[in-house]
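Here the structure is laid out as structure tokens; the discussion comes afterwards.
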Amino acid sequence: MIKAILIFNNHGKPRLIRFYQYFAEDMQQQIIRETFHLVSKRDDNVCNFLEGGSLIGGSDYKLIYRHYATLYFVFCVDSSESELGILDLIQVFVETLDKCFENVCELDLIFHMDKVHYILQEVVMGGMVLETNMNEIVAQVEVQNRMEKSEVSLFLDR
Amino acid sequence: MSPSVPLQEMIRAIRSARTQCEERGVIQRECAAIRAQFRQSDNGGRSHNLAKLLYVHMLGYPAHFGQMECVRMIASPRYSEKRVGYLGAMMLLDEKQDASLLITNSIKNDLSHSNQYVQSLALCTLACMGSAEMCRDLAPEIDRLLRASNSYIKKKAALCAVHIVRKVHDLGELFTPAARSLLAEKNHGVLHGAVVLITELCERNQETLERFRKTVPDLVQIMKGLVISGYSPEHDVAGISDPFLQVRILRLLRILGRNNEGASDAMNDLLAQVATNTDSTKTVGNAVLYETVLTVLHIKSESGLRVLAVNILGRFLLNNDRNIRYIAMISLQKIVGTDHNAVQRHRGTIVDCLKDQDASVKRRALDLSLALVSASNVRSMMKELLLFLSSCPPELRAQAASGIFNAAERYAPSQRWHIDTILHVLTTAGGDVRDETVPNLIQLITNASELHCYTVHKLYRALLTDISQQSLVQVACWCIGEYGDLLLRGECQETEPVQVTEDDVLDALETVLQSHMSSPATRGFALTATMKLSTRITDNVDRIRSIVSIYGSCIDVELQQRAVEYNALFRKYDHMRYATILLVHSNNVHTVSISFERFVLKMQSSVFCSGSNRQVSPLVFLPQVCDLLDLLGGSEVTLQPIPAVGGTAPGLFTNTSSTTGGDLLDLLGGLEPAPPFFCSELSYLIFSAAPTVQVYEKAGVALTLSCEKQSDSGLTVTLTASNSTDSDISSFTLQAAVPKVCLIKHAIPTHTHQQTSFLC
């Protein structure tokens with residue numbers, strides 16, 4: 001099970017936070033800080049797996065992360081997930097974002113936080129991997145966005 | 001993508017704030033505006049407000065006032081509002097909040113909505129934060145959706161069912177038939193969801209697992225389709241067809257094949273095929289291979305396949321990619337219990353990984369190395385592990401130290417090696433060891449009696465080099481106090497002896513006492529050691545006396561108390577000192593000895609002060625003393641003959657005036673209020689460890705006591721009496737009495753008639 005998905009930048013500012021297990025607000029912020037602290041210490045040529053975070057779960061949990069330019073994508077998972085599989089999932093997610101936003105960059109994530117959440121909802125649901133086919137995900141997201149747009153335009157017409 | 005303008009404006013405003021304080025100000029104003037808007041009736045911008053609130057929540061500011069708004073938005077007919085409402089519910093609500101109950105009805109309605117995207121929103125929310133009651137209510141709906149809907153909804157319903165089963169275990173029964181039928185689907189997303197659901201059901205319930213074993217042929221079929229089929233562009237990731245699904249199915253096969261011959265047989269061919277055909281140059285290929293290897297090793301596979309699997313892991317270990325090496329070590333850790341020998345073959349590579357710069361790889365290598373230590377390789381492995389300890393990252397030190405201790409305890413080839421290893425760990429990582437290390441080490445040293453000389457020399461040298469590691473210093477002080485005479489003797493077989501004078505030793509102890517690095521406990525050890533040395537050395541007793549008296553006014557209460565008691569020993573009971581210190585020596589467990597010696601000292605002082613009651617009842621003190629002896633493990637000690645000179649009066653307990661040679665009774669000579677119990681106590685303890693002692697010499701009669709330890713619980717004490725007077729002494733009898741905890745066996749004295757200058 002995926003316990004949390006965190007995206008933050010090189011200075012630790014959160015860009016997307018999704019917890020699949022309940023944590024109180026201040027606990028969530030503490031986890032973000034601790035994760036940033038652990039991940040930012042890592043070199044670029046070491047492996048993408050980290051153990052040792054104490055707040056988010058203890059010995060069964062690992063952090064699997066990928067560093068793209070200015071952003072860290074961190075998935076906190078337990079032992080029931082395949083580590084290499086999750087690493088690939090991060091790649092799939094980022095490629096999907098790239099397709100949806102056309103050459104995605106950090107600003108896109110900042111200003112369209114809600115959209116990113118909706119895309120993520122098509123990939124991971126309830127802490128479990130839902131869909132890994134990029135085209136399928138993008139198609140579904142497009143349909144939903146069109147629905148929303150049509151509603152808005154209906155409203156604007158009033 | 002249509003942007004939400006108000007949200008973007010707010011984000012821009014927040015980003016333009018230059019300080020934390022400014023940002024807080026902006027956010028507070030925005031939150032106030034949002035709150036006001038929530039209170040108003042429906043306007044077009046509700047979804048924007050909630051989106052703004054969620055952004056603020058992500059930054060860490062309180063957003064609980066948005067919970068009711070989420071509930072209202074979910075109930076709205078508009079899709080855009082529902083969408084944000086559900087997202088808000090997932091972020092802000094959880095089953096502990098009351099508001100979460102209010103959305104149950106909305107979810108129920110939305111699950112049967114005509115629009116599949118509304119259905120999917122409801123499913124998603126239920127899967128994220130559905131409480132047990134909600135799950136129970138809505139489970140039949142989910143089951144219906146599992147059977148009859150399109151594939152988009154089916155895959156979501158499958159994962160929702162997994163969540164329900166996790167929350168309410170009994171509902172697994174409900175979903176089993178639907179899960180079975182889902183395996184026939186073609187859509188990969190649905191298949192994936194179905195496999196996850198079946199995995200969850202099988203892990204929860206043994207019966208369900210038995211039932212699902214029948215699906216093994218179907219699963220094998222699906223896998224074959226994935227592996228052999230031609231290039232399918234939609235599911236392809238770097239040349240492998242839907243690796244995520246393959247990994248899931250392999251996991252399920254692992255669960256189904258465990259401990260079952262039939263199922264394992266059905267899978268053998270497939271696993272061999274996957275293991276050989278999968279391309280391992282990309283990460284995805286490795287992911288599939290890794291799962292295959294784990295599955296092979298966990299089911300009852302044929303030996304050829306097992307060998308293949310372990311070889312693949314070995315190849316992984318040598319891979320340049322650190323991720324792969326990390327993964328390999330995780331899987332080796334999983335099988336080190338069952339296939340120990342296979343993993344041993346890779347020991348060299350694993351030990352090399354200890355030197356890798358990556359902290360995660362080091363951690364894995366440490367765990368695995370500790371698991372691989374065995375009686376045959378303990379020396380070489382320990383060398384590597386000790387080397388690792390000296391350069392390892394601080395977060396791994398404690399784990400490494402305790403792992404080394406455990407391994408040393410189990411596989412130590414000799415006591416000397418064991419002591420050396422523990423000393424080495426204490427010198428390199430003394431600050432990270434557990435608290436019970438010090439008493440354990442003391443116990444070990446005491447038991448290794450032939451190594452006392454060697455140990456005290458080593459510890460003395462260690463103390464001279466470095467006094468910052470508290471555990472090491474504590475053990476060193478204790479050892480010097482206990483075996484200081486061996487140190488001063490200046491000869492040692494196993495190691496080069498140090499030529500020290502008494503002053504040097506006292507200097508060392510004083511440095512520890514005065515150093516600001518020493519903790520109060522360490523100072524206590526050093527003070528006690530100094531005191532103990534007063535019986536071991538001959539010249540510098542005055543120096544010890546002065547050291548001890550300084551600490552009589554120390555701020556630390558513990559030290560002060562000790563120092564005062566030792567001072568009392570020096571001043572008033574100097575003649576007792578030797579005996580008392582011996583008393584203190586003969587304890588194995590230092591922690592108990594600290595309290596014991598203080599207890600005894602207290603007893604002494606209280607008895608001594610209790611006046612001239614010559615017949616102090618021994619029974620008052622004895623039970624407590626006996627209990628203490630029990631504590632020290634002396635409950636079944638049998639003392640063999642304690643010969644004591646007795647005239648007509650019985651034993652040592654009473655000190656009434658006797659007839660001839662009344663003074664002979666008074667072993668402690670010249671003491672006014674003699675504590676009778678104390679004699680026996682003293683005797684017992686003297687006898688257990690002391691060298692030959694001349695206990696009486698007066699009027700030409702000399703008595704010496706010597707003792708010899710026969711066994712763990714038996715002691716032989718011999719009294720040698722010599723008569724150098726002109727006259728004969730007749731009717732020389734022997735009587736002895738001991739406390740209840742001891743058993744005494746008399747031996748017949750060799751002579752009852754002491755003749756002139758006769759030694760018996």
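How things are named: the first chain in the structure tokens is A, the next is B, and so on; residues count from 1 in each chain; ligands count from 1 in the order shown.
Near Asp78 in chain A, within 10 Å and counting only C-alpha atoms, sit A:Met1, A:Ile2, A:Lys3, A:Gly57, A:Gly58, A:Ser59, A:Asp60, A:Tyr61, A:Lys62, A:Leu63, A:Phe75, A:Glu81, A:Ser82, A:Glu83; same-chain residues fewer than 3 positions away were not included.
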Show me, as a PDB file with N, CA and C atoms, in the first residue's frame, the residues that have an atom within 12 Å of His37 in chain A when counting only C-alpha atoms, minus same-chain residues fewer than 2 positions from it.
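Result written to out.pdb:
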```
ATOM      1  N   PHE A   8       7.727  17.908  -3.527  1.00  0.00           N
ATOM      2  CA  PHE A   8       8.193  19.194  -3.043  1.00  0.00           C
ATOM      3  C   PHE A   8       9.432  19.600  -3.822  1.00  0.00           C
ATOM      4  N   ASN A   9       9.757  20.886  -3.702  1.00  0.00           N
ATOM      5  CA  ASN A   9      10.866  21.377  -4.519  1.00  0.00           C
ATOM      6  C   ASN A   9      12.181  21.292  -3.741  1.00  0.00           C
ATOM      7  N   ASN A  10      13.213  21.801  -4.349  1.00  0.00           N
ATOM      8  CA  ASN A  10      14.541  21.665  -3.751  1.00  0.00           C
ATOM      9  C   ASN A  10      14.700  22.394  -2.437  1.00  0.00           C
ATOM     10  N   HIS A  11      13.762  23.287  -2.129  1.00  0.00           N
ATOM     11  CA  HIS A  11      13.848  23.987  -0.844  1.00  0.00           C
ATOM     12  C   HIS A  11      12.865  23.443   0.163  1.00  0.00           C
ATOM     13  N   GLY A  12      12.156  22.387  -0.204  1.00  0.00           N
ATOM     14  CA  GLY A  12      11.243  21.786   0.754  1.00  0.00           C
ATOM     15  C   GLY A  12       9.841  22.334   0.717  1.00  0.00           C
ATOM     16  N   LYS A  13       9.536  23.215  -0.232  1.00  0.00           N
ATOM     17  CA  LYS A  13       8.167  23.749  -0.294  1.00  0.00           C
ATOM     18  C   LYS A  13       7.266  22.711  -0.936  1.00  0.00           C
ATOM     19  N   GLN A  30       5.012  17.834   9.702  1.00  0.00           N
ATOM     20  CA  GLN A  30       6.250  17.280  10.244  1.00  0.00           C
ATOM     21  C   GLN A  30       6.818  16.213   9.335  1.00  0.00           C
ATOM     22  N   ILE A  31       5.920  15.371   8.804  1.00  0.00           N
ATOM     23  CA  ILE A  31       6.364  14.312   7.911  1.00  0.00           C
ATOM     24  C   ILE A  31       7.002  14.912   6.665  1.00  0.00           C
ATOM     25  N   ILE A  32       6.378  15.962   6.158  1.00  0.00           N
ATOM     26  CA  ILE A  32       6.932  16.606   4.961  1.00  0.00           C
ATOM     27  C   ILE A  32       8.334  17.111   5.265  1.00  0.00           C
ATOM     28  N   ARG A  33       8.476  17.730   6.413  1.00  0.00           N
ATOM     29  CA  ARG A  33       9.793  18.292   6.745  1.00  0.00           C
ATOM     30  C   ARG A  33      10.825  17.194   6.916  1.00  0.00           C
ATOM     31  N   GLU A  34      10.427  16.142   7.607  1.00  0.00           N
ATOM     32  CA  GLU A  34      11.382  15.061   7.831  1.00  0.00           C
ATOM     33  C   GLU A  34      11.780  14.398   6.525  1.00  0.00           C
ATOM     34  N   THR A  35      10.787  14.171   5.664  1.00  0.00           N
ATOM     35  CA  THR A  35      11.080  13.541   4.382  1.00  0.00           C
ATOM     36  C   THR A  35      12.008  14.416   3.564  1.00  0.00           C
ATOM     37  N   VAL A  39      15.649  13.289   2.179  1.00  0.00           N
ATOM     38  CA  VAL A  39      15.851  13.135   0.745  1.00  0.00           C
ATOM     39  C   VAL A  39      16.865  14.141   0.207  1.00  0.00           C
ATOM     40  N   SER A  40      16.887  15.323   0.788  1.00  0.00           N
ATOM     41  CA  SER A  40      17.785  16.343   0.249  1.00  0.00           C
ATOM     42  C   SER A  40      19.246  16.032   0.540  1.00  0.00           C
ATOM     43  N   LYS A  41      19.486  15.158   1.526  1.00  0.00           N
ATOM     44  CA  LYS A  41      20.871  14.832   1.841  1.00  0.00           C
ATOM     45  C   LYS A  41      21.493  13.887   0.823  1.00  0.00           C
ATOM     46  N   ARG A  42      20.658  13.264  -0.002  1.00  0.00           N
ATOM     47  CA  ARG A  42      21.151  12.204  -0.869  1.00  0.00           C
ATOM     48  C   ARG A  42      21.883  12.770  -2.068  1.00  0.00           C
ATOM     49  N   LEU A  50      15.040   4.828   0.235  1.00  0.00           N
ATOM     50  CA  LEU A  50      15.489   5.355   1.516  1.00  0.00           C
ATOM     51  C   LEU A  50      14.744   4.700   2.643  1.00  0.00           C
ATOM     52  N   GLY A  52      14.434   4.717   7.041  1.00  0.00           N
ATOM     53  CA  GLY A  52      14.870   5.463   8.213  1.00  0.00           C
ATOM     54  C   GLY A  52      13.970   6.585   8.631  1.00  0.00           C
ATOM     55  N   GLY A  53      12.879   6.809   7.911  1.00  0.00           N
ATOM     56  CA  GLY A  53      11.957   7.817   8.412  1.00  0.00           C
ATOM     57  C   GLY A  53      11.187   7.232   9.569  1.00  0.00           C
ATOM     58  N   TYR A  72      11.200  16.947  -6.187  1.00  0.00           N
ATOM     59  CA  TYR A  72      11.342  15.594  -5.670  1.00  0.00           C
ATOM     60  C   TYR A  72       9.960  14.952  -5.668  1.00  0.00           C
TER      61      TYR A  72
END
```
Using DSSP on the backbone coordinates, identify all residues within range 76-147 of chain A classified as helix (DSSP H, G or I); present the result as a PyMOL selection string.
chain A and resi 83-101+106-111+113-123+134-147
Give me the residues near Gln561 in chain B as number ranges by chain, where near means some atom within 12 Å (using only C-alpha atoms) and where sequence neighbours in that chain fewer than 4 positions away do not count.
B: 524, 527-528, 548-557, 565-568, 595, 598, 601-602
Can you spit out the residues from that selection as a JSON list (two decimals), in the first residue's frame, using C-alpha atoms?
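Output file selection-v2.json is given in full below:
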```
[["chain", "number", "residue", "atom", "x", "y", "z"],
["B", 524, "GLY", "CA", 31.29, 6.56, 41.08],
["B", 527, "LEU", "CA", 35.94, 6.41, 43.35],
["B", 528, "THR", "CA", 35.06, 2.87, 44.32],
["B", 548, "VAL", "CA", 38.44, 10.21, 49.06],
["B", 549, "SER", "CA", 38.12, 12.97, 51.57],
["B", 550, "ILE", "CA", 37.97, 15.62, 48.82],
["B", 551, "TYR", "CA", 34.84, 14.05, 47.46],
["B", 552, "GLY", "CA", 33.21, 14.24, 50.82],
["B", 553, "SER", "CA", 32.08, 17.69, 49.84],
["B", 554, "CYS", "CA", 31.22, 16.98, 46.25],
["B", 555, "ILE", "CA", 28.04, 18.46, 44.79],
["B", 556, "ASP", "CA", 26.87, 15.15, 43.41],
["B", 557, "VAL", "CA", 24.94, 13.48, 46.21],
["B", 565, "GLU", "CA", 31.28, 6.37, 53.94],
["B", 566, "TYR", "CA", 34.73, 5.54, 52.69],
["B", 567, "ASN", "CA", 36.11, 8.30, 54.82],
["B", 568, "ALA", "CA", 34.43, 6.79, 57.84],
["B", 595, "SER", "CA", 24.38, -1.18, 46.68],
["B", 598, "ARG", "CA", 26.88, 0.53, 50.83],
["B", 601, "LEU", "CA", 28.87, -0.18, 55.31],
["B", 602, "LYS", "CA", 25.65, 1.16, 56.68]]
```
Please provide as a tab-separated table (two decimals) with N, CA, C and O atoms, in the first residue's frame all residues within 8 Å of range 117-122 of chain B, with the sequence filter that same-chain residues fewer than 3 positions apart are discarded (counting only C-alpha atoms).
```
chain	number	residue	atom	x	y	z
A	144	GLN	N	-13.12	14.22	-18.36
A	144	GLN	CA	-13.63	14.88	-17.15
A	144	GLN	C	-13.45	16.40	-17.22
A	144	GLN	O	-14.33	17.15	-16.79
B	79	TYR	N	-21.18	18.93	-11.57
B	79	TYR	CA	-20.01	18.06	-11.56
B	79	TYR	C	-18.78	18.78	-11.01
B	79	TYR	O	-18.01	18.21	-10.23
B	82	LYS	N	-19.05	18.92	-7.32
B	82	LYS	CA	-18.89	17.58	-6.73
B	82	LYS	C	-17.42	17.19	-6.69
B	82	LYS	O	-16.91	16.66	-5.70
B	83	ARG	N	-16.78	17.50	-7.80
B	83	ARG	CA	-15.37	17.09	-7.92
B	83	ARG	C	-14.52	17.68	-6.80
B	83	ARG	O	-13.76	16.99	-6.13
B	86	TYR	N	-15.55	16.32	-3.32
B	86	TYR	CA	-14.98	15.01	-2.99
B	86	TYR	C	-13.49	15.10	-2.68
B	86	TYR	O	-12.98	14.46	-1.76
B	107	ILE	N	-22.74	9.63	-1.13
B	107	ILE	CA	-21.94	8.62	-1.83
B	107	ILE	C	-22.88	7.53	-2.36
B	107	ILE	O	-22.75	7.08	-3.51
B	108	LYS	N	-23.82	7.15	-1.51
B	108	LYS	CA	-24.73	6.09	-1.93
B	108	LYS	C	-25.49	6.50	-3.19
B	108	LYS	O	-25.60	5.72	-4.14
B	110	ASP	N	-24.61	8.75	-5.35
B	110	ASP	CA	-23.71	8.94	-6.49
B	110	ASP	C	-23.22	7.62	-7.07
B	110	ASP	O	-22.85	7.56	-8.25
B	111	LEU	N	-23.23	6.58	-6.25
B	111	LEU	CA	-22.79	5.28	-6.78
B	111	LEU	C	-23.74	4.76	-7.85
B	111	LEU	O	-23.37	3.94	-8.68
B	112	SER	N	-24.97	5.24	-7.80
B	112	SER	CA	-25.91	4.78	-8.84
B	112	SER	C	-26.21	5.88	-9.85
B	112	SER	O	-27.18	5.83	-10.58
B	113	HIS	N	-25.35	6.86	-9.89
B	113	HIS	CA	-25.56	8.00	-10.80
B	113	HIS	C	-25.41	7.53	-12.25
B	113	HIS	O	-24.71	6.58	-12.55
B	114	SER	N	-26.07	8.26	-13.12
B	114	SER	CA	-25.98	7.87	-14.52
B	114	SER	C	-24.62	8.18	-15.11
B	114	SER	O	-24.15	7.52	-16.02
B	125	THR	N	-13.61	8.25	-3.29
B	125	THR	CA	-13.69	8.78	-1.93
B	125	THR	C	-13.91	7.66	-0.92
B	125	THR	O	-13.31	7.64	0.15
B	126	LEU	N	-14.78	6.73	-1.30
B	126	LEU	CA	-15.03	5.62	-0.39
B	126	LEU	C	-13.77	4.82	-0.14
B	126	LEU	O	-13.48	4.42	0.99
B	153	ILE	N	-15.39	1.58	-14.48
B	153	ILE	CA	-15.97	1.50	-13.14
B	153	ILE	C	-15.57	0.21	-12.45
B	153	ILE	O	-15.29	0.19	-11.25
B	156	LYS	N	-12.23	0.45	-10.70
B	156	LYS	CA	-12.29	1.25	-9.48
B	156	LYS	C	-13.05	0.52	-8.39
B	156	LYS	O	-12.69	0.58	-7.21
```
Which residues, written as a list of chain:residue names, have at least one atom at most 9 Å from Met128 in chain A, with only C-alpha atoms counted and residues fewer than 2 positions away on the same chain left out?
A:Met1, A:Ile2, A:Glu81, A:Val123, A:Val124, A:Met125, A:Gly126, A:Leu130, B:Leu159, B:Val196
Who sits within 10 Å of Glu482 in chain B, only C-alpha atoms, same chain under 2 positions skipped, as a list in words
Thr446, His452, Val456, Ala476, Cys477, Trp478, Cys479, Ile480, Gly484, Asp485, Leu486, Thr528, Ala529, Thr530, Lys532, Leu533, Arg536, Leu582, Val584, His585 and Ser586 of chain B
For range 429-432 of chain B, work out the shell of residues within 7 Å, counting only C-alpha atoms and skipping chain neighbours fewer than 5 positions away, then give it as a PDB file with N, CA and C atoms, in the first residue's frame.
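In the end it all went to selection35.pdb:
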```pdb
ATOM      1  N   ARG B 397      25.138   3.117  13.728  1.00  0.00           N
ATOM      2  CA  ARG B 397      26.105   2.643  14.729  1.00  0.00           C
ATOM      3  C   ARG B 397      25.483   1.746  15.772  1.00  0.00           C
ATOM      4  N   ALA B 398      24.350   2.208  16.323  1.00  0.00           N
ATOM      5  CA  ALA B 398      23.760   1.432  17.420  1.00  0.00           C
ATOM      6  C   ALA B 398      23.383   0.040  16.935  1.00  0.00           C
ATOM      7  N   GLN B 469      34.971   7.606  26.259  1.00  0.00           N
ATOM      8  CA  GLN B 469      33.910   6.615  26.072  1.00  0.00           C
ATOM      9  C   GLN B 469      33.494   6.082  27.437  1.00  0.00           C
ATOM     10  N   GLN B 470      32.326   6.462  27.886  1.00  0.00           N
ATOM     11  CA  GLN B 470      31.931   6.183  29.262  1.00  0.00           C
ATOM     12  C   GLN B 470      31.893   4.703  29.608  1.00  0.00           C
ATOM     13  N   SER B 471      31.303   3.893  28.725  1.00  0.00           N
ATOM     14  CA  SER B 471      31.194   2.466  29.079  1.00  0.00           C
ATOM     15  C   SER B 471      32.569   1.866  29.273  1.00  0.00           C
ATOM     16  N   LEU B 472      33.493   2.224  28.370  1.00  0.00           N
ATOM     17  CA  LEU B 472      34.844   1.665  28.453  1.00  0.00           C
ATOM     18  C   LEU B 472      35.513   2.104  29.743  1.00  0.00           C
TER      19      LEU B 472
END
```
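A straight line drawn from CA of Leu102 in chain B to CA of Gly60 in chain B is 25.5 Å long.
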